[in-house]
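S.K.: Sharing entry_33.txt here; it has compact mmCIF, C-alpha atoms and all ligand atoms.
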```txt
# COMPACT_ATOMS: atom_id res chain seq x y z
CA MET A 1 13.27 11.62 -21.38
CA PRO A 2 13.09 14.23 -24.17
CA LEU A 3 14.29 17.69 -23.08
CA VAL A 4 11.26 19.46 -24.51
CA GLY A 5 7.85 18.09 -23.62
CA TYR A 6 4.30 19.27 -24.20
CA GLY A 7 2.75 20.30 -20.88
CA ILE A 8 -1.01 19.88 -20.83
CA TRP A 9 -1.81 21.93 -17.73
CA LYS A 10 -4.63 24.32 -18.78
CA VAL A 11 -5.40 22.40 -21.98
CA PRO A 12 -9.20 22.00 -21.82
CA ALA A 13 -10.33 18.36 -21.76
CA GLU A 14 -12.44 18.88 -24.88
CA ASN A 15 -9.33 19.87 -26.88
CA ALA A 16 -6.80 17.56 -25.25
CA ALA A 17 -7.05 14.59 -27.64
CA GLU A 18 -6.66 16.80 -30.71
CA SER A 19 -3.91 18.93 -29.12
CA VAL A 20 -1.87 15.93 -28.03
CA TYR A 21 -2.29 14.27 -31.42
CA ASN A 22 -1.14 17.45 -33.16
CA ALA A 23 1.81 17.84 -30.81
CA ILE A 24 2.92 14.29 -31.63
CA LYS A 25 2.51 15.04 -35.33
CA LEU A 26 4.76 18.07 -34.88
CA GLY A 27 7.41 15.84 -33.31
CA TYR A 28 6.75 15.97 -29.55
CA ARG A 29 7.65 12.71 -27.81
CA HIS A 30 7.04 13.73 -24.22
CA ILE A 31 3.69 14.70 -22.71
CA ASP A 32 3.46 16.09 -19.19
CA GLY A 33 0.07 15.55 -17.59
CA ALA A 34 -1.46 15.17 -14.13
CA TYR A 35 -4.68 13.97 -12.54
CA ASP A 36 -5.18 17.60 -11.47
CA TYR A 37 -5.25 18.79 -15.11
CA MET A 38 -8.51 16.89 -15.61
CA ASN A 39 -7.66 15.80 -19.15
CA SER A 40 -5.71 12.52 -18.85
CA ALA A 41 -8.27 10.28 -20.57
CA GLU A 42 -8.59 12.68 -23.49
CA ALA A 43 -4.82 13.13 -23.77
CA GLY A 44 -4.46 9.35 -23.77
CA GLN A 45 -6.94 9.16 -26.65
CA GLY A 46 -4.74 11.56 -28.61
CA VAL A 47 -1.70 9.36 -28.02
CA LYS A 48 -3.66 6.23 -28.96
CA ARG A 49 -4.80 7.83 -32.22
CA ALA A 50 -1.18 8.67 -33.04
CA ILE A 51 -0.21 5.05 -32.35
CA ASP A 52 -3.13 3.70 -34.41
CA ASP A 53 -2.20 6.02 -37.30
CA GLY A 54 1.36 4.69 -37.23
CA LEU A 55 2.95 8.03 -36.23
CA ILE A 56 4.61 6.47 -33.17
CA LYS A 57 4.84 3.29 -31.15
CA ARG A 58 4.03 3.32 -27.43
CA GLU A 59 7.72 3.06 -26.56
CA ASP A 60 8.53 6.18 -28.61
CA ILE A 61 6.64 8.50 -26.29
CA PHE A 62 7.29 9.49 -22.68
CA ILE A 63 4.17 10.04 -20.57
CA THR A 64 4.27 11.74 -17.18
CA SER A 65 1.37 12.01 -14.77
CA LYS A 66 1.02 13.04 -11.13
CA LEU A 67 -0.67 11.96 -7.93
CA TRP A 68 -3.04 14.49 -6.40
CA ASN A 69 -2.97 15.63 -2.74
CA ASN A 70 -6.13 13.84 -1.61
CA TYR A 71 -4.66 10.41 -2.31
CA HIS A 72 -1.41 10.39 -0.34
CA ALA A 73 -2.32 7.63 2.12
CA HIS A 74 -0.71 4.31 1.14
CA ASP A 75 -3.75 2.48 -0.27
CA HIS A 76 -5.26 5.62 -1.80
CA ALA A 77 -2.00 6.38 -3.62
CA ILE A 78 -1.91 2.90 -5.12
CA ALA A 79 -5.55 3.07 -6.19
CA ALA A 80 -5.10 6.57 -7.64
CA ALA A 81 -2.07 5.49 -9.67
CA HIS A 82 -4.04 2.57 -11.11
CA ARG A 83 -6.98 4.87 -11.97
CA GLU A 84 -4.64 7.34 -13.63
CA ASN A 85 -2.90 4.65 -15.65
CA GLU A 86 -6.27 3.35 -16.79
CA ALA A 87 -7.41 6.86 -17.72
CA TRP A 88 -4.43 7.26 -20.06
CA GLY A 89 -5.09 3.76 -21.40
CA LEU A 90 -1.56 3.17 -22.66
CA GLY A 91 -0.57 0.20 -20.50
CA TYR A 92 1.90 2.04 -18.29
CA LEU A 93 3.12 5.51 -17.32
CA ASP A 94 6.74 6.42 -17.96
CA LEU A 95 6.93 8.70 -14.94
CA TYR A 96 4.61 9.28 -11.99
CA LEU A 97 5.24 12.22 -9.66
CA ILE A 98 3.86 13.12 -6.26
CA HIS A 99 2.41 16.48 -7.32
CA PHE A 100 2.82 18.36 -4.03
CA PRO A 101 4.30 17.52 -0.63
CA ILE A 102 0.86 18.29 0.75
CA ALA A 103 -1.55 15.64 2.03
CA GLN A 104 -5.23 16.58 2.10
CA LYS A 105 -8.28 14.78 3.42
CA TYR A 106 -9.31 11.79 1.31
CA ILE A 107 -12.32 12.45 -0.87
CA ASP A 108 -13.69 9.51 -2.79
CA PRO A 109 -13.63 10.30 -6.53
CA SER A 110 -17.26 9.19 -6.74
CA GLU A 111 -18.14 12.14 -4.43
CA ILE A 112 -15.97 14.79 -6.07
CA LYS A 113 -13.96 13.64 -9.04
CA TYR A 114 -11.41 16.44 -9.02
CA PRO A 115 -11.12 17.94 -5.52
CA CYS A 116 -8.02 19.93 -6.60
CA PHE A 117 -7.55 21.83 -3.33
CA TRP A 118 -11.29 21.94 -2.59
CA GLU A 119 -13.38 19.89 -0.23
CA ASP A 120 -16.78 20.65 -1.73
CA ALA A 121 -18.06 20.51 -5.27
CA ALA A 122 -18.94 24.22 -5.20
CA ARG A 123 -15.27 24.99 -4.47
CA THR A 124 -15.90 27.11 -1.40
CA LYS A 125 -14.04 25.09 1.23
CA VAL A 126 -10.29 24.53 0.99
CA GLY A 127 -9.38 20.92 1.72
CA THR A 128 -8.25 19.94 5.21
CA LEU A 129 -4.67 18.81 5.68
CA VAL A 130 -4.03 15.32 7.00
CA LYS A 131 -1.00 13.72 8.60
CA VAL A 132 0.46 11.49 5.91
CA PRO A 133 4.25 11.69 5.68
CA MET A 134 5.69 11.88 2.17
CA ILE A 135 7.66 8.70 2.75
CA GLU A 136 4.39 6.75 3.16
CA THR A 137 3.27 7.98 -0.25
CA TRP A 138 6.67 7.29 -1.74
CA LYS A 139 6.69 3.71 -0.39
CA ALA A 140 3.23 3.19 -1.89
CA ILE A 141 4.18 4.25 -5.41
CA GLU A 142 7.46 2.32 -5.16
CA THR A 143 5.41 -0.89 -5.14
CA LEU A 144 4.07 -0.03 -8.62
CA VAL A 145 7.42 0.50 -10.34
CA GLN A 146 8.28 -2.04 -13.01
CA THR A 147 11.40 -3.97 -12.00
CA ASP A 148 12.78 -7.45 -12.56
CA SER A 149 11.03 -8.58 -9.39
CA ASN A 150 7.85 -6.65 -10.26
CA PRO A 151 7.47 -7.04 -14.04
CA GLN A 152 3.76 -6.15 -13.93
CA GLY A 153 4.46 -2.71 -12.43
CA ILE A 154 2.52 0.07 -14.17
CA LEU A 155 5.10 2.82 -13.58
CA LYS A 156 8.48 2.95 -15.29
CA SER A 157 9.87 5.59 -12.93
CA ILE A 158 8.79 7.82 -10.07
CA GLY A 159 9.65 11.25 -8.69
CA VAL A 160 8.30 14.34 -6.97
CA ALA A 161 7.28 17.89 -7.75
CA ASN A 162 7.34 21.12 -5.76
CA CYS A 163 9.82 19.83 -3.16
CA ASN A 164 12.84 21.55 -1.62
CA ALA A 165 16.33 20.14 -1.11
CA GLN A 166 15.65 19.14 2.50
CA LEU A 167 12.69 16.99 1.56
CA LEU A 168 14.57 15.45 -1.37
CA THR A 169 17.37 14.46 1.01
CA GLU A 170 14.90 12.96 3.46
CA LEU A 171 13.15 10.94 0.74
CA GLN A 172 16.40 9.82 -0.81
CA SER A 173 17.65 8.52 2.51
CA GLN A 174 14.69 6.14 2.76
CA ALA A 175 13.85 5.39 -0.87
CA LYS A 176 14.42 1.89 -2.21
CA ILE A 177 13.78 3.08 -5.75
CA PRO A 178 15.72 6.25 -6.54
CA LEU A 179 13.94 9.50 -7.34
CA SER A 180 14.12 10.02 -11.12
CA VAL A 181 12.76 13.53 -11.49
CA LEU A 182 12.10 16.72 -9.55
CA GLN A 183 9.59 19.02 -11.23
CA ILE A 184 9.60 22.63 -10.01
CA GLU A 185 8.52 26.10 -10.97
CA LEU A 186 11.61 27.54 -12.64
CA HIS A 187 12.15 30.64 -14.79
CA PRO A 188 14.52 33.63 -14.76
CA TYR A 189 12.59 35.25 -11.89
CA LEU A 190 12.98 32.00 -9.84
CA VAL A 191 16.33 30.45 -10.71
CA GLN A 192 16.95 28.20 -7.65
CA PRO A 193 20.56 27.32 -8.58
CA GLN A 194 21.35 25.36 -5.40
CA LEU A 195 18.26 23.18 -5.64
CA VAL A 196 18.94 22.42 -9.32
CA GLN A 197 22.56 21.62 -8.57
CA MET A 198 21.71 19.40 -5.61
CA ALA A 199 19.15 17.43 -7.62
CA GLN A 200 21.33 17.01 -10.69
CA GLU A 201 24.38 15.99 -8.60
CA ASN A 202 22.22 13.30 -7.04
CA GLY A 203 21.12 11.92 -10.39
CA ILE A 204 17.65 13.49 -10.19
CA ALA A 205 16.65 15.13 -13.47
CA VAL A 206 15.05 18.56 -13.08
CA THR A 207 11.96 19.58 -15.03
CA ALA A 208 10.98 23.24 -15.11
CA TYR A 209 7.36 24.29 -15.26
CA SER A 210 6.16 27.80 -16.07
CA SER A 211 9.30 28.57 -18.09
CA PHE A 212 7.85 31.92 -19.21
CA GLY A 213 7.24 33.07 -15.63
CA PRO A 214 4.14 35.26 -15.27
CA GLN A 215 2.85 34.32 -18.74
CA SER A 216 1.80 30.94 -17.42
CA PHE A 217 -0.53 32.48 -14.86
CA LEU A 218 -2.15 35.26 -16.89
CA GLU A 219 -4.79 32.91 -18.24
CA LEU A 220 -5.68 32.09 -14.62
CA GLY A 221 -6.10 35.81 -13.86
CA SER A 222 -3.32 35.76 -11.24
CA PRO A 223 -2.97 39.28 -9.74
CA ARG A 224 0.71 38.59 -9.02
CA ALA A 225 1.31 37.69 -12.68
CA LEU A 226 -0.63 40.73 -13.91
CA LYS A 227 1.59 43.11 -11.99
CA THR A 228 4.90 41.41 -12.91
CA GLU A 229 6.93 42.54 -15.91
CA ALA A 230 6.54 39.96 -18.68
CA LEU A 231 9.61 37.88 -19.46
CA LEU A 232 8.61 37.44 -23.10
CA THR A 233 9.04 41.19 -23.69
CA HIS A 234 11.78 41.82 -21.15
CA PRO A 235 14.63 43.79 -22.84
CA VAL A 236 17.33 41.38 -21.60
CA ILE A 237 15.49 38.50 -23.27
CA THR A 238 14.41 40.29 -26.46
CA LYS A 239 17.93 41.59 -27.09
CA ILE A 240 19.40 38.08 -26.87
CA ALA A 241 16.56 36.71 -29.02
CA GLU A 242 17.21 39.30 -31.75
CA LYS A 243 20.91 38.51 -31.74
CA HIS A 244 20.22 34.80 -32.39
CA GLY A 245 17.27 35.33 -34.74
CA LYS A 246 15.08 33.40 -32.28
CA THR A 247 11.94 34.26 -30.35
CA PRO A 248 12.01 35.32 -26.67
CA ALA A 249 10.18 32.08 -25.82
CA GLN A 250 12.91 30.03 -27.48
CA VAL A 251 15.57 31.93 -25.51
CA LEU A 252 13.76 31.29 -22.22
CA LEU A 253 13.47 27.58 -23.00
CA ARG A 254 17.07 27.27 -24.16
CA TRP A 255 18.28 28.99 -20.98
CA ALA A 256 16.89 25.93 -19.17
CA THR A 257 17.62 23.08 -21.59
CA GLN A 258 21.21 24.15 -22.12
CA ARG A 259 21.71 23.36 -18.43
CA ASP A 260 19.99 19.94 -18.83
CA ILE A 261 16.75 21.20 -17.34
CA ILE A 262 13.73 19.68 -19.07
CA VAL A 263 10.96 22.06 -20.16
CA ILE A 264 7.25 21.39 -20.70
CA PRO A 265 5.66 24.53 -22.21
CA LYS A 266 2.00 24.35 -23.07
CA SER A 267 0.57 26.07 -26.09
CA ASN A 268 -2.82 25.96 -27.71
CA ASN A 269 -1.28 27.33 -30.90
CA THR A 270 0.44 25.12 -33.50
CA GLU A 271 3.03 27.68 -34.54
CA ARG A 272 4.10 28.31 -30.94
CA LEU A 273 4.20 24.57 -30.23
CA ALA A 274 6.56 24.08 -33.18
CA GLN A 275 8.65 27.04 -32.08
CA ASN A 276 8.99 25.62 -28.58
CA LEU A 277 10.07 22.21 -29.84
CA ASP A 278 12.66 23.85 -32.07
CA SER A 279 14.18 25.77 -29.14
CA VAL A 280 17.12 23.35 -28.79
CA SER A 281 18.51 24.25 -32.21
CA PHE A 282 20.88 26.99 -31.01
CA ASP A 283 23.18 27.71 -28.09
CA LEU A 284 23.40 30.70 -25.79
CA ALA A 285 26.78 32.09 -24.75
CA LYS A 286 27.85 31.71 -21.12
CA GLU A 287 27.46 35.48 -20.60
CA GLU A 288 23.92 35.30 -22.02
CA LEU A 289 22.98 32.47 -19.68
CA GLU A 290 24.37 34.52 -16.80
CA ALA A 291 22.58 37.71 -17.86
CA ILE A 292 19.28 35.81 -17.90
CA SER A 293 19.96 34.19 -14.51
CA ALA A 294 20.71 37.67 -13.12
CA LEU A 295 16.99 38.50 -13.51
CA ASP A 296 16.38 36.24 -10.50
CA LYS A 297 14.23 37.78 -7.80
CA GLY A 298 12.99 34.69 -6.00
CA LEU A 299 9.52 35.33 -7.39
CA ARG A 300 7.23 32.33 -7.09
CA PHE A 301 3.78 32.13 -8.64
CA VAL A 302 2.79 28.73 -7.25
CA ARG A 303 2.87 29.27 -3.52
CA SER A 304 1.21 26.17 -2.11
P1 LIG B 401 -0.82 29.81 -25.68
O1 LIG B 401 -1.42 28.49 -25.29
O2 LIG B 401 -1.83 30.79 -26.13
O3 LIG B 401 0.34 29.66 -26.64
P2 LIG B 401 2.84 27.12 -19.22
O4 LIG B 401 4.08 27.83 -18.77
O5 LIG B 401 1.90 26.86 -18.11
O6 LIG B 401 3.18 25.92 -20.01
O7 LIG B 401 2.08 28.14 -20.17
C1 LIG B 401 2.73 28.71 -21.26
C2 LIG B 401 2.07 30.03 -21.58
O8 LIG B 401 2.84 30.69 -22.57
C3 LIG B 401 0.69 29.89 -22.16
O9 LIG B 401 -0.04 31.02 -21.77
C4 LIG B 401 0.91 29.89 -23.68
O10 LIG B 401 -0.21 30.45 -24.32
C5 LIG B 401 2.11 30.78 -23.80
N1 LIG B 401 3.07 30.33 -24.84
C6 LIG B 401 3.43 29.07 -25.12
N2 LIG B 401 4.38 29.05 -26.06
C7 LIG B 401 4.63 30.33 -26.39
C8 LIG B 401 5.51 30.96 -27.31
N3 LIG B 401 6.33 30.26 -28.07
N4 LIG B 401 5.48 32.33 -27.39
C9 LIG B 401 4.65 33.04 -26.60
N5 LIG B 401 3.79 32.51 -25.71
C10 LIG B 401 3.79 31.16 -25.61
```
Could you write out this structure as structure tokens?
M.R.:
Amino acid sequence: MPLVGYGIWKVPAENAAESVYNAIKLGYRHIDGAYDYMNSAEAGQGVKRAIDDGLIKREDIFITSKLWNNYHAHDHAIAAAHRENEAWGLGYLDLYLIHFPIAQKYIDPSEIKYPCFWEDAARTKVGTLVKVPMIETWKAIETLVQTDSNPQGILKSIGVANCNAQLLTELQSQAKIPLSVLQIELHPYLVQPQLVQMAQENGIAVTAYSSFGPQSFLELGSPRALKTEALLTHPVITKIAEKHGKTPAQVLLRWATQRDIIVIPKSNNTERLAQNLDSVSFDLAKEELEAISALDKGLRFVRS
């Protein structure tokens, strides 16, 4: 799984095919998507075009997608995974994550295609919670993993997102197929060292989302992000960036990847995409890693 991926959260569906194709052209070999991002089919078209043009083969690229909250019940999870795999149209998904440890009322996609926390199309009513334990959902997606005894499986590996250490332990104790990845919000304002350590010690790779902290949420108009000091212009970060002749974004990404944490920054700008991919080309000193980690203030932007 390549350490730097292209995250397509907030990439509009109408641009997704082109953006993904361009990212592959720039050298990206890992795309992080989700049903909730509402752009899987278009992103898949971008990958297919890259394959058709001979830029890559299917096996050269790592595709992640995620199961949304409304489909946690056993049969719904299986159906949703099949729909998602078909939307991408690439034969299989390399990684499929349970997006949140939150189960919401089932809504048939023919009624509302993307409920995404809402129960009505006008997005006025927040979806009702339902009692589906995570292990039920896990057992459902386990049946879709490609193994020697299940060669037709559509998922190469499975994992979770937005879970704490307690839930990871609980899932691990009952999982037949080991958890491959934990994806969490992670940046210098939310360092979570114990959770990262616990996951990595248990062979679960950690992927960080929102590596630039508040920056990720500005385009959503988040009041919390608006009143938080930017990391990209924070003096601790800019000073280290200047010293290495790198950009603050590259420093923030390297702070994660140097500790084997995978990053998936999104950008709608080619130059920034290239810059992000190139962020593994230097190393930070131990004291620099520590100075960045010292910015921790347990500040979380995704609070579901
Ligand atoms: P843009 O698309 O205009 O480049 P996320 O953390 O959700 O992946 O979002 C990343 C945010 O940071 C986006 O707002 C993106 O905006 C911005 N961004 C991505 N790469 C860089 C970079 N290298 N320098 C500065 N901002 C960046």
S.K.: Could you list, as a ChimeraX atom specification, all protein and nucleic acid residues with an atom at most 10 Å from ligand LIG 401 (chain B), counting only C-alpha atoms and all ligand atoms?
M.R.: /A:5-11,32,185-187,208-220,231-233,247-253,263-279
S.K.: Please, what distance in Å, to one decimal, runs between atom CA of A:Ile262 and atom CA of A:Ile24?
M.R.: 17.4 Å
S.K.: Do you know which residues lie at most 6 Å from (7.8, 30.6, -9.7), with coordinates as in the file and only C-alpha atoms counted, and could you write them as a ChimeraX atom specification?
M.R.: /A:185-186,190,299-302
S.K.: Interatomic distance between atom CA of A:Leu90 and atom CA of A:Glu111?
M.R.: 26.2 Å
S.K.: Go through stretch 39-101 of chain A residue by residue and, counting all atoms listed in the file, keep those with an atom at most 8 Å from stretch 157-174 of chain A; for each kept residue give the shortest atom pair and its distance in Å to one decimal, ordered by chain and increasing number, as a tab-separated table.
M.R.:
```
residue	atom	partner	partner_atom	distance
A:Asp94	CA	A:Ser157	CA	6.0
A:Leu95	CA	A:Ser157	CA	4.7
A:Tyr96	CA	A:Ile158	CA	4.8
A:Leu97	CA	A:Val160	CA	4.6
A:Ile98	CA	A:Val160	CA	4.7
A:His99	CA	A:Ala161	CA	5.1
A:Phe100	CA	A:Asn162	CA	5.6
A:Pro101	CA	A:Cys163	CA	6.5
```
S.K.: For A:Arg224, which residue among A:Gly27, A:Ala50, A:Asp108, A:Arg303 is the nearest when counting only C-alpha atoms?
M.R.: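 Among A:Gly27, A:Ala50, A:Asp108, A:Arg303, it is A:Arg303 that comes nearest to A:Arg224.
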S.K.: Please indicate the distance in Å from atom CA of A:Trp118 to atom CA of A:Leu182, rounded to one decimal place.
M.R.: 25.0 Å
S.K.: Using only C-alpha atoms for the distances, tell me which of A:Asn150, A:Asn22, A:Ser293, A:Asn15 is nearest to A:Gln192.
M.R.: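 Once distances to A:Gln192 are computed over only C-alpha atoms, the minimum belongs to A:Ser293.
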S.K.: Using all atoms listed in the file, which of A:Pro223, A:Ile154, A:Ile107, A:Ser180 sits nearest A:Asn202?
M.R.: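 Looking only at the distances to A:Asn202, the closest residue turns out to be A:Ser180.
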